[in-house]
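Text of start35.txt, listed as compact mmCIF, C-alpha atoms (C1' of nucleotides):
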```txt
# COMPACT_ATOMS: atom_id res chain seq x y z
CA MET A 1 156.14 129.06 204.26
CA LYS A 2 155.26 125.40 204.59
CA LEU A 3 155.78 122.60 202.11
CA GLY A 4 153.77 119.43 201.72
CA TYR A 5 152.70 116.52 199.56
CA VAL A 6 149.50 114.72 198.70
CA THR A 7 147.85 111.87 200.62
CA ILE A 8 150.39 109.09 200.15
CA ASN A 9 153.79 108.30 201.63
CA ARG A 10 155.39 105.64 199.47
CA GLY A 11 158.19 104.67 201.80
CA ILE A 12 156.38 104.35 205.08
CA GLY A 13 154.82 100.94 204.50
CA CYS A 14 151.17 101.69 205.16
CA THR A 15 148.36 103.45 203.30
CA ALA A 16 146.04 106.11 204.65
CA ASN A 17 143.73 105.94 201.65
CA SER A 18 142.69 102.30 201.51
CA ASN A 19 139.23 101.56 200.23
CA PHE A 20 137.24 98.63 198.99
CA ARG A 21 134.51 97.77 196.54
CA LEU A 22 131.00 98.97 197.17
CA ALA A 23 129.85 95.41 196.48
CA SER A 24 131.84 94.15 199.45
CA TYR A 25 130.65 96.85 201.84
CA SER A 26 130.09 95.87 205.44
CA GLU A 27 130.24 97.81 208.67
CA GLU A 28 133.05 95.55 209.84
CA LYS A 29 135.06 96.25 206.73
CA LEU A 30 134.47 99.95 207.04
CA LYS A 31 135.58 100.01 210.67
CA ASN A 32 138.78 98.09 209.89
CA THR A 33 139.61 100.25 206.91
CA VAL A 34 139.03 103.54 208.69
CA LYS A 35 141.04 102.43 211.71
CA ASN A 36 143.96 101.44 209.49
CA ASN A 37 143.71 104.65 207.47
CA LEU A 38 143.79 106.78 210.60
CA ASP A 39 146.65 104.80 212.13
CA CYS A 40 148.61 105.31 208.96
CA LEU A 41 147.69 108.99 208.70
CA PHE A 42 149.11 109.51 212.19
CA LYS A 43 152.30 107.69 211.21
CA ILE A 44 152.69 109.82 208.10
CA LEU A 45 152.18 113.04 210.05
CA LYS A 46 154.82 112.00 212.56
CA PHE A 47 157.21 111.16 209.73
CA ASN A 48 156.50 114.55 208.21
CA VAL A 49 157.17 116.49 211.39
CA LYS A 50 160.46 114.68 211.84
CA ASN A 51 161.39 115.77 208.35
CA ASP A 52 160.20 119.37 208.56
CA ILE A 53 157.20 118.81 206.33
CA PHE A 54 154.34 120.82 207.79
CA PHE A 55 151.71 120.74 205.08
CA PHE A 56 149.69 117.65 204.15
CA ARG A 57 146.64 116.74 202.09
CA ILE A 58 144.43 114.21 203.84
CA SER A 59 142.84 111.62 201.57
CA SER A 60 139.15 111.91 200.70
CA ASN A 61 139.17 108.13 201.10
CA THR A 62 139.91 108.26 204.83
CA VAL A 63 136.34 107.11 205.44
CA PRO A 64 135.34 105.21 202.27
CA PHE A 65 131.71 105.65 201.18
CA ALA A 66 131.14 108.12 204.01
CA SER A 67 128.70 110.14 201.89
CA HIS A 68 127.17 107.16 200.10
CA PRO A 69 123.64 106.06 201.05
CA ILE A 70 124.97 102.63 201.91
CA CYS A 71 126.83 104.05 204.89
CA LYS A 72 124.56 104.24 207.92
CA PHE A 73 127.42 103.92 210.35
CA ASN A 74 128.10 106.78 212.76
CA TRP A 75 131.81 106.96 212.04
CA VAL A 76 132.15 110.38 213.67
CA ASP A 77 131.17 109.08 217.10
CA HIS A 78 132.92 105.77 216.69
CA PHE A 79 136.27 107.26 215.69
CA ARG A 80 136.02 110.56 217.54
CA GLY A 81 138.88 109.69 219.90
CA GLN A 82 141.24 108.76 217.11
CA PHE A 83 140.35 111.84 215.07
CA GLN A 84 140.87 114.08 218.09
CA GLU A 85 144.23 112.54 218.88
CA ILE A 86 145.43 113.22 215.35
CA GLY A 87 143.91 116.70 215.49
CA GLU A 88 145.81 117.46 218.69
CA PHE A 89 149.04 116.40 217.03
CA ILE A 90 148.28 118.60 214.02
CA LYS A 91 147.63 121.61 216.22
CA GLU A 92 150.58 120.96 218.48
CA HIS A 93 152.95 120.98 215.51
CA ASP A 94 151.10 123.64 213.57
CA ILE A 95 150.60 121.41 210.53
CA ARG A 96 148.63 122.90 207.64
CA ILE A 97 145.93 120.60 206.28
CA SER A 98 144.02 120.47 203.01
CA MET A 99 141.56 118.05 201.45
CA HIS A 100 140.56 117.75 197.80
CA PRO A 101 137.23 116.09 196.91
CA ASP A 102 137.56 114.49 193.49
CA GLN A 103 136.12 115.28 190.10
CA PHE A 104 132.66 113.94 190.83
CA ILE A 105 131.93 116.72 193.28
CA VAL A 106 130.25 119.36 191.11
CA ILE A 107 128.05 121.84 192.88
CA ASN A 108 127.07 123.72 189.73
CA SER A 109 125.82 120.63 187.89
CA LEU A 110 122.57 120.82 185.96
CA LYS A 111 121.47 117.65 187.70
CA LYS A 112 120.02 118.11 191.14
CA ALA A 113 121.04 114.60 192.16
CA VAL A 114 124.68 115.41 191.39
CA VAL A 115 124.51 118.63 193.39
CA ASP A 116 122.88 116.85 196.34
CA LYS A 117 125.51 114.11 196.33
CA SER A 118 128.25 116.69 196.07
CA ILE A 119 126.94 118.60 199.07
CA LYS A 120 126.78 115.38 201.08
CA ASP A 121 130.39 114.72 200.22
CA LEU A 122 131.40 118.24 201.23
CA ILE A 123 129.66 117.70 204.56
CA TYR A 124 131.72 114.55 204.98
CA HIS A 125 134.96 116.45 204.31
CA ALA A 126 133.99 119.20 206.75
CA ASN A 127 133.09 116.53 209.33
CA VAL A 128 136.56 115.02 209.12
CA LEU A 129 138.22 118.38 209.77
CA ASP A 130 135.70 119.40 212.43
CA THR A 131 136.04 116.11 214.29
CA MET A 132 139.78 116.67 214.39
CA GLY A 133 139.04 120.05 215.90
CA LEU A 134 140.90 122.01 213.22
CA ASP A 135 140.29 125.71 212.59
CA ASN A 136 139.34 127.59 209.41
CA THR A 137 142.86 127.38 207.99
CA ALA A 138 142.29 123.70 207.13
CA LYS A 139 140.82 123.92 203.64
CA ILE A 140 138.69 121.89 201.26
CA GLN A 141 139.56 122.65 197.67
CA ILE A 142 137.26 122.05 194.71
CA HIS A 143 137.01 123.16 191.12
CA VAL A 144 134.18 125.42 190.05
CA GLY A 145 132.67 122.65 187.93
CA GLY A 146 131.23 122.38 184.44
CA VAL A 147 130.48 125.15 181.94
CA TYR A 148 127.51 123.58 180.11
CA ASN A 149 127.94 125.96 177.18
CA ASN A 150 127.00 128.93 179.32
CA LYS A 151 129.61 130.07 181.76
CA LYS A 152 127.58 132.92 183.17
CA GLU A 153 124.71 130.67 184.14
CA ALA A 154 127.10 128.01 185.39
CA VAL A 155 128.77 130.59 187.65
CA ASP A 156 125.38 131.81 188.81
CA ARG A 157 124.46 128.26 189.78
CA PHE A 158 127.75 127.85 191.62
CA CYS A 159 127.06 131.00 193.61
CA ARG A 160 123.46 130.09 194.35
CA VAL A 161 124.39 126.66 195.68
CA TYR A 162 127.38 128.02 197.59
CA LYS A 163 125.14 130.38 199.50
CA THR A 164 123.02 127.46 200.71
CA LEU A 165 125.99 125.51 202.08
CA ASP A 166 126.43 124.89 205.77
CA LYS A 167 128.77 127.23 207.64
CA SER A 168 131.13 124.35 208.46
CA ILE A 169 131.70 123.92 204.72
CA LYS A 170 131.80 127.58 203.76
CA LYS A 171 134.49 128.42 206.28
CA ARG A 172 136.77 125.86 204.64
CA LEU A 173 135.83 125.79 200.98
CA VAL A 174 138.23 127.28 198.42
CA ILE A 175 138.17 127.13 194.62
CA GLU A 176 141.06 126.14 192.39
CA ASN A 177 141.79 127.31 188.86
CA ASP A 178 141.48 124.38 186.47
CA GLU A 179 143.20 123.58 183.19
CA ARG A 180 140.19 123.80 180.90
CA SER A 181 137.18 125.71 182.09
CA TYR A 182 137.76 128.16 184.92
CA ASN A 183 141.04 130.05 185.07
CA ILE A 184 142.29 132.52 187.65
CA LYS A 185 140.26 135.37 186.20
CA ASP A 186 137.06 133.31 186.34
CA CYS A 187 137.83 132.40 189.94
CA LEU A 188 138.48 136.04 190.83
CA ASP A 189 135.09 136.99 189.36
CA ILE A 190 133.48 134.43 191.65
CA ASN A 191 135.54 135.66 194.58
CA LYS A 192 134.14 139.14 194.02
CA ILE A 193 130.63 137.79 194.46
CA LEU A 194 131.21 135.30 197.28
CA GLY A 195 134.50 136.23 198.93
CA ILE A 196 135.62 132.62 198.56
CA PRO A 197 139.43 132.23 198.65
CA ILE A 198 141.27 130.97 195.56
CA ILE A 199 143.92 128.28 195.63
CA PHE A 200 146.41 128.67 192.80
CA ASP A 201 147.58 125.72 190.70
CA THR A 202 150.78 126.38 188.77
CA LEU A 203 150.33 123.74 186.07
CA HIS A 204 146.68 124.58 185.40
CA HIS A 205 147.64 128.23 185.05
CA GLN A 206 150.15 127.33 182.34
CA TYR A 207 147.36 125.80 180.25
CA ASN A 208 144.48 128.09 181.10
CA ASN A 209 145.09 131.77 181.72
CA ASN A 210 144.27 135.26 180.58
CA LYS A 211 147.86 136.14 179.73
CA GLU A 212 148.54 137.36 183.25
CA SER A 213 151.92 136.29 184.58
CA GLN A 214 152.17 133.60 187.20
CA ARG A 215 153.40 136.09 189.79
CA GLU A 216 150.55 138.46 189.05
CA ALA A 217 148.04 135.62 189.30
CA ILE A 218 149.50 134.45 192.61
CA LEU A 219 149.37 137.98 194.02
CA ARG A 220 145.72 138.28 193.01
CA ALA A 221 144.92 134.90 194.53
CA LYS A 222 146.70 135.88 197.74
CA GLU A 223 144.42 138.88 198.17
CA THR A 224 141.45 136.52 198.42
CA TRP A 225 142.74 134.89 201.63
CA LYS A 226 141.75 136.63 204.84
CA ASP A 227 143.58 136.28 208.19
CA GLN A 228 141.24 133.55 209.40
CA ASP A 229 141.91 131.52 206.21
CA GLY A 230 145.62 131.33 206.88
CA LEU A 231 148.32 131.70 204.25
CA LEU A 232 147.58 131.34 200.55
CA MET A 233 147.84 127.71 199.48
CA ILE A 234 149.16 126.75 196.08
CA ASP A 235 149.43 123.46 194.22
CA TYR A 236 152.81 123.12 192.58
CA SER A 237 153.57 120.73 189.77
CA SER A 238 155.30 120.67 186.44
CA GLN A 239 154.65 118.87 183.22
CA GLU A 240 156.16 115.42 182.66
CA ILE A 241 158.36 115.93 179.58
CA GLY A 242 157.13 114.09 176.50
CA GLU A 243 153.91 113.00 178.16
CA LYS A 244 150.40 114.19 177.63
CA LYS A 245 149.51 117.70 178.64
CA GLY A 246 148.60 117.92 182.30
CA LYS A 247 150.45 114.81 183.36
CA HIS A 248 152.30 115.50 186.59
CA ILE A 249 156.05 115.06 186.70
CA THR A 250 157.41 111.91 188.36
CA SER A 251 160.00 113.58 190.56
CA ILE A 252 160.63 117.22 191.32
CA ASP A 253 162.89 119.16 188.97
CA LEU A 254 164.80 121.30 191.43
CA ASN A 255 165.97 123.74 188.77
CA LEU A 256 162.39 124.48 187.78
CA PHE A 257 161.47 124.70 191.44
CA LYS A 258 164.26 127.23 192.02
CA LYS A 259 162.92 129.28 189.13
CA PHE A 260 159.52 129.13 190.70
CA LEU A 261 160.92 130.31 194.04
CA LYS A 262 162.49 133.26 192.26
CA ASP A 263 159.12 134.09 190.80
CA ILE A 264 157.48 134.23 194.23
CA ILE A 265 160.18 136.18 196.07
CA GLY A 266 158.58 138.18 198.85
CA ILE A 267 155.27 136.27 198.73
CA ASP A 268 154.62 134.05 201.73
CA LEU A 269 152.52 130.99 200.93
CA ASP A 270 152.16 127.25 201.58
CA ILE A 271 153.21 124.94 198.77
CA MET A 272 151.55 121.60 198.06
CA LEU A 273 153.62 119.44 195.73
CA GLU A 274 151.49 117.45 193.29
CA ILE A 275 154.27 115.13 192.28
CA LYS A 276 154.09 111.40 191.87
CA ASP A 277 156.94 110.30 194.07
CA LYS A 278 155.34 112.16 196.99
CA GLU A 279 157.51 112.42 200.10
CA LYS A 280 160.70 111.85 198.12
CA SER A 281 160.25 115.10 196.25
CA ALA A 282 159.04 116.84 199.38
CA LEU A 283 162.25 115.90 201.18
CA LYS A 284 164.32 117.24 198.29
CA ALA A 285 162.32 120.46 198.20
CA VAL A 286 162.58 120.96 201.96
CA LYS A 287 166.33 120.50 201.76
CA LEU A 288 166.51 123.17 199.10
CA LEU A 289 164.24 125.54 201.02
CA LYS A 290 166.52 125.19 204.04
CA GLU A 291 169.62 125.89 201.98
CA LEU A 292 167.98 129.00 200.61
CA ALA A 293 166.79 129.97 204.11
CA TYR A 294 163.10 129.97 203.15
CA ILE A 295 162.32 127.76 206.14
C1' DA B 1 153.00 85.44 193.59
C1' DG B 2 152.16 88.15 189.87
C1' DT B 3 149.14 90.18 186.39
C1' DT B 4 145.15 92.46 184.70
C1' DG B 5 140.59 94.44 184.67
C1' DT B 6 137.69 97.26 187.24
C1' DC B 7 135.99 100.62 190.48
C1' DA B 8 130.20 105.09 193.23
C1' DA B 9 130.36 109.18 191.34
C1' DG B 10 131.07 113.93 186.12
C1' DC B 11 132.54 116.86 182.58
C1' DT B 12 134.72 118.00 178.16
C1' DA B 13 136.39 117.29 173.70
C1' DG B 14 136.63 114.52 169.91
C1' DT B 15 134.61 111.16 166.77
C1' DA C 1 125.19 109.28 170.36
C1' DC C 2 129.11 107.52 172.12
C1' DT C 3 133.76 107.12 174.22
C1' DA C 4 138.40 108.31 175.86
C1' DG C 5 140.78 111.03 178.99
C1' DC C 6 141.29 113.37 183.10
C1' DT C 7 144.91 111.16 187.12
C1' DT C 8 145.70 107.39 189.47
C1' DG C 9 145.66 103.95 193.06
C1' DA C 10 144.40 99.85 194.81
C1' DC C 11 141.00 96.16 195.23
C1' DA C 12 139.70 91.72 193.55
C1' DA C 13 139.55 88.23 190.31
C1' DC C 14 142.25 85.84 187.53
C1' DT C 15 146.59 83.18 185.94
```
Write-out of the structure in structure tokens:
Amino acid sequence: MKLGYVTINRGIGCTANSNFRLASYSEEKLKNTVKNNLDCLFKILKFNVKNDIFFFRISSNTVPFASHPICKFNWVDHFRGQFQEIGEFIKEHDIRISMHPDQFIVINSLKKAVVDKSIKDLIYHANVLDTMGLDNTAKIQIHVGGVYNNKKEAVDRFCRVYKTLDKSIKKRLVIENDERSYNIKDCLDINKILGIPIIFDTLHHQYNNNKESQREAILRAKETWKDQDGLLMIDYSSQEIGEKKGKHITSIDLNLFKKFLKDIIGIDLDIMLEIKDKEKSALKAVKLLKELAYI
DNA sequence: AGTTGTCAAGCTAGT
DNA sequence: ACTAGCTTGACAACT
């Protein structure tokens, strides 16, 4: 079992997800930003290893505008050395890596332009992981997409587009249950057709499910991960009390987390904390996992 | 120096 | 037909 957090380390004094406005785009600016992002990413990973955190989500913003038409710069070649150095560190310390393209990446959209842009962005994500030299266990997680008043056709479109994707994407792409449209059962139906692994999100499952228990859902999701995919990944969060539905909690509630650990007894998986105070909660969770001899 | 509005991009639900 | 919310940070323009 590994435990991790998302993209940002608030205490470390640098950011690995800096970007800038499209209007101020220049090759110089891009180079500076990417260099700083990668420097910071390396720092964060070193911090993590020191603190027994071996799972991390790399920002989609590592190379801003990488998939935008404005970017003609060959960032892969230019930053290959730096990517490889970080990749070596990741492999040396057996760090699990994920990436999560944001909500605009929709491969089952009705609009061809949206699908095309989404595929370009997936290529970018795969490029980052490939340039680091990471294997198939480094994953890119997306949601299935929109429903468009016809889930069957929307799923069909997802499958059709998926089949056309480059191998470098397919070997890494996993789908996540979302809080509105596609729950675990929907994802399992797609898995049956495509064999694509399913990443389980605890909070989304609370809001969108087919009455199956969390443990049952996690066990089903786990079956979709083959040896080459590595351990099942899950996103763990809980609801901020008194806030709007879906809003992630500020800092980890260790009692709830203990309950969760009870629920997954005997199931080995990697846990990504989606919690706002980032490494702070991760450190608390790691401490608990050590006390309970999980890690 | 601190505050506030805005940012490349999509979908859904509610008015 | 239109907009707020998702979830959220950080840039950039403004006090």
Checklist entry - In Å, with one decimal, what is the gap from CA of Phe55 (chain A) to CA of His143 (chain A)? => result 20.4 Å
Dump as JSON lines the rows for residues of chain B within 9 Å of chain A: closest atom pair and distance in Å with one decimal, only C-alpha atoms (C1' of nucleotides) counted, ordered by chain and rising residue number.
```
{"residue": "B:DC7", "atom": "C1'", "partner": "A:Arg21", "partner_atom": "CA", "distance": 6.9}
{"residue": "B:DA8", "atom": "C1'", "partner": "A:Leu22", "partner_atom": "CA", "distance": 7.3}
{"residue": "B:DA9", "atom": "C1'", "partner": "A:Phe104", "partner_atom": "CA", "distance": 5.3}
{"residue": "B:DG10", "atom": "C1'", "partner": "A:Phe104", "partner_atom": "CA", "distance": 5.0}
{"residue": "B:DC11", "atom": "C1'", "partner": "A:Gly146", "partner_atom": "CA", "distance": 6.0}
{"residue": "B:DT12", "atom": "C1'", "partner": "A:Gly146", "partner_atom": "CA", "distance": 8.4}
```
Next on the checklist: Residues of chain A within 10 Å of chain C, counting all atoms listed in the file - could you list those as number ranges by chain?
Outcome noted: A: 8, 17-21, 103, 246-248, 276
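Take CA of Lys43 (chain A) and CA of Ile12 (chain A): the distance between them is 8.1 Å.
Interatomic distance, CA of Met1 (chain A) against CA of Arg57 (chain A): 15.7 Å.
Residues within 10 Å of Pro197 (chain A), counting only C-alpha atoms (C1' of nucleotides) and excluding same-chain residues fewer than 5 positions away, are Lys139, Gln141, Lys171, Arg172, Leu173, Val174, Ile175, Glu176, Cys187, Leu188, Ile190, Asn191, Lys192, Ala221, Lys222, Glu223, Thr224, Trp225, Lys226, Asp229, Leu232 and Met233 of chain A.
For region 270-275 of chain A, the non-local neighbours within 7 Å, defined as residues at least 4 positions apart in the same chain or in other chains and counting only C-alpha atoms (C1' of nucleotides), are Met1, Lys2, Leu3, Gly4, Tyr5, Val6, Leu231, Leu232, Met233, Ile234, Asp235, Tyr236, Ser237, His248, Ile249, Thr250, Ser251 and Ile252 of chain A.
Residue neighbourhood of Lys46 (chain A), excluding near-sequence residues (fewer than 4 positions): Asn9, Ile12, Asp39, Cys40, Leu41, Phe42, Lys50, Asn51, Asp52, Ile53, Phe54, Phe55, Phe56, Ile86, Phe89, Ile90, Glu92, His93 and Ile95 of chain A, at 12 Å, using all atoms listed in the file.
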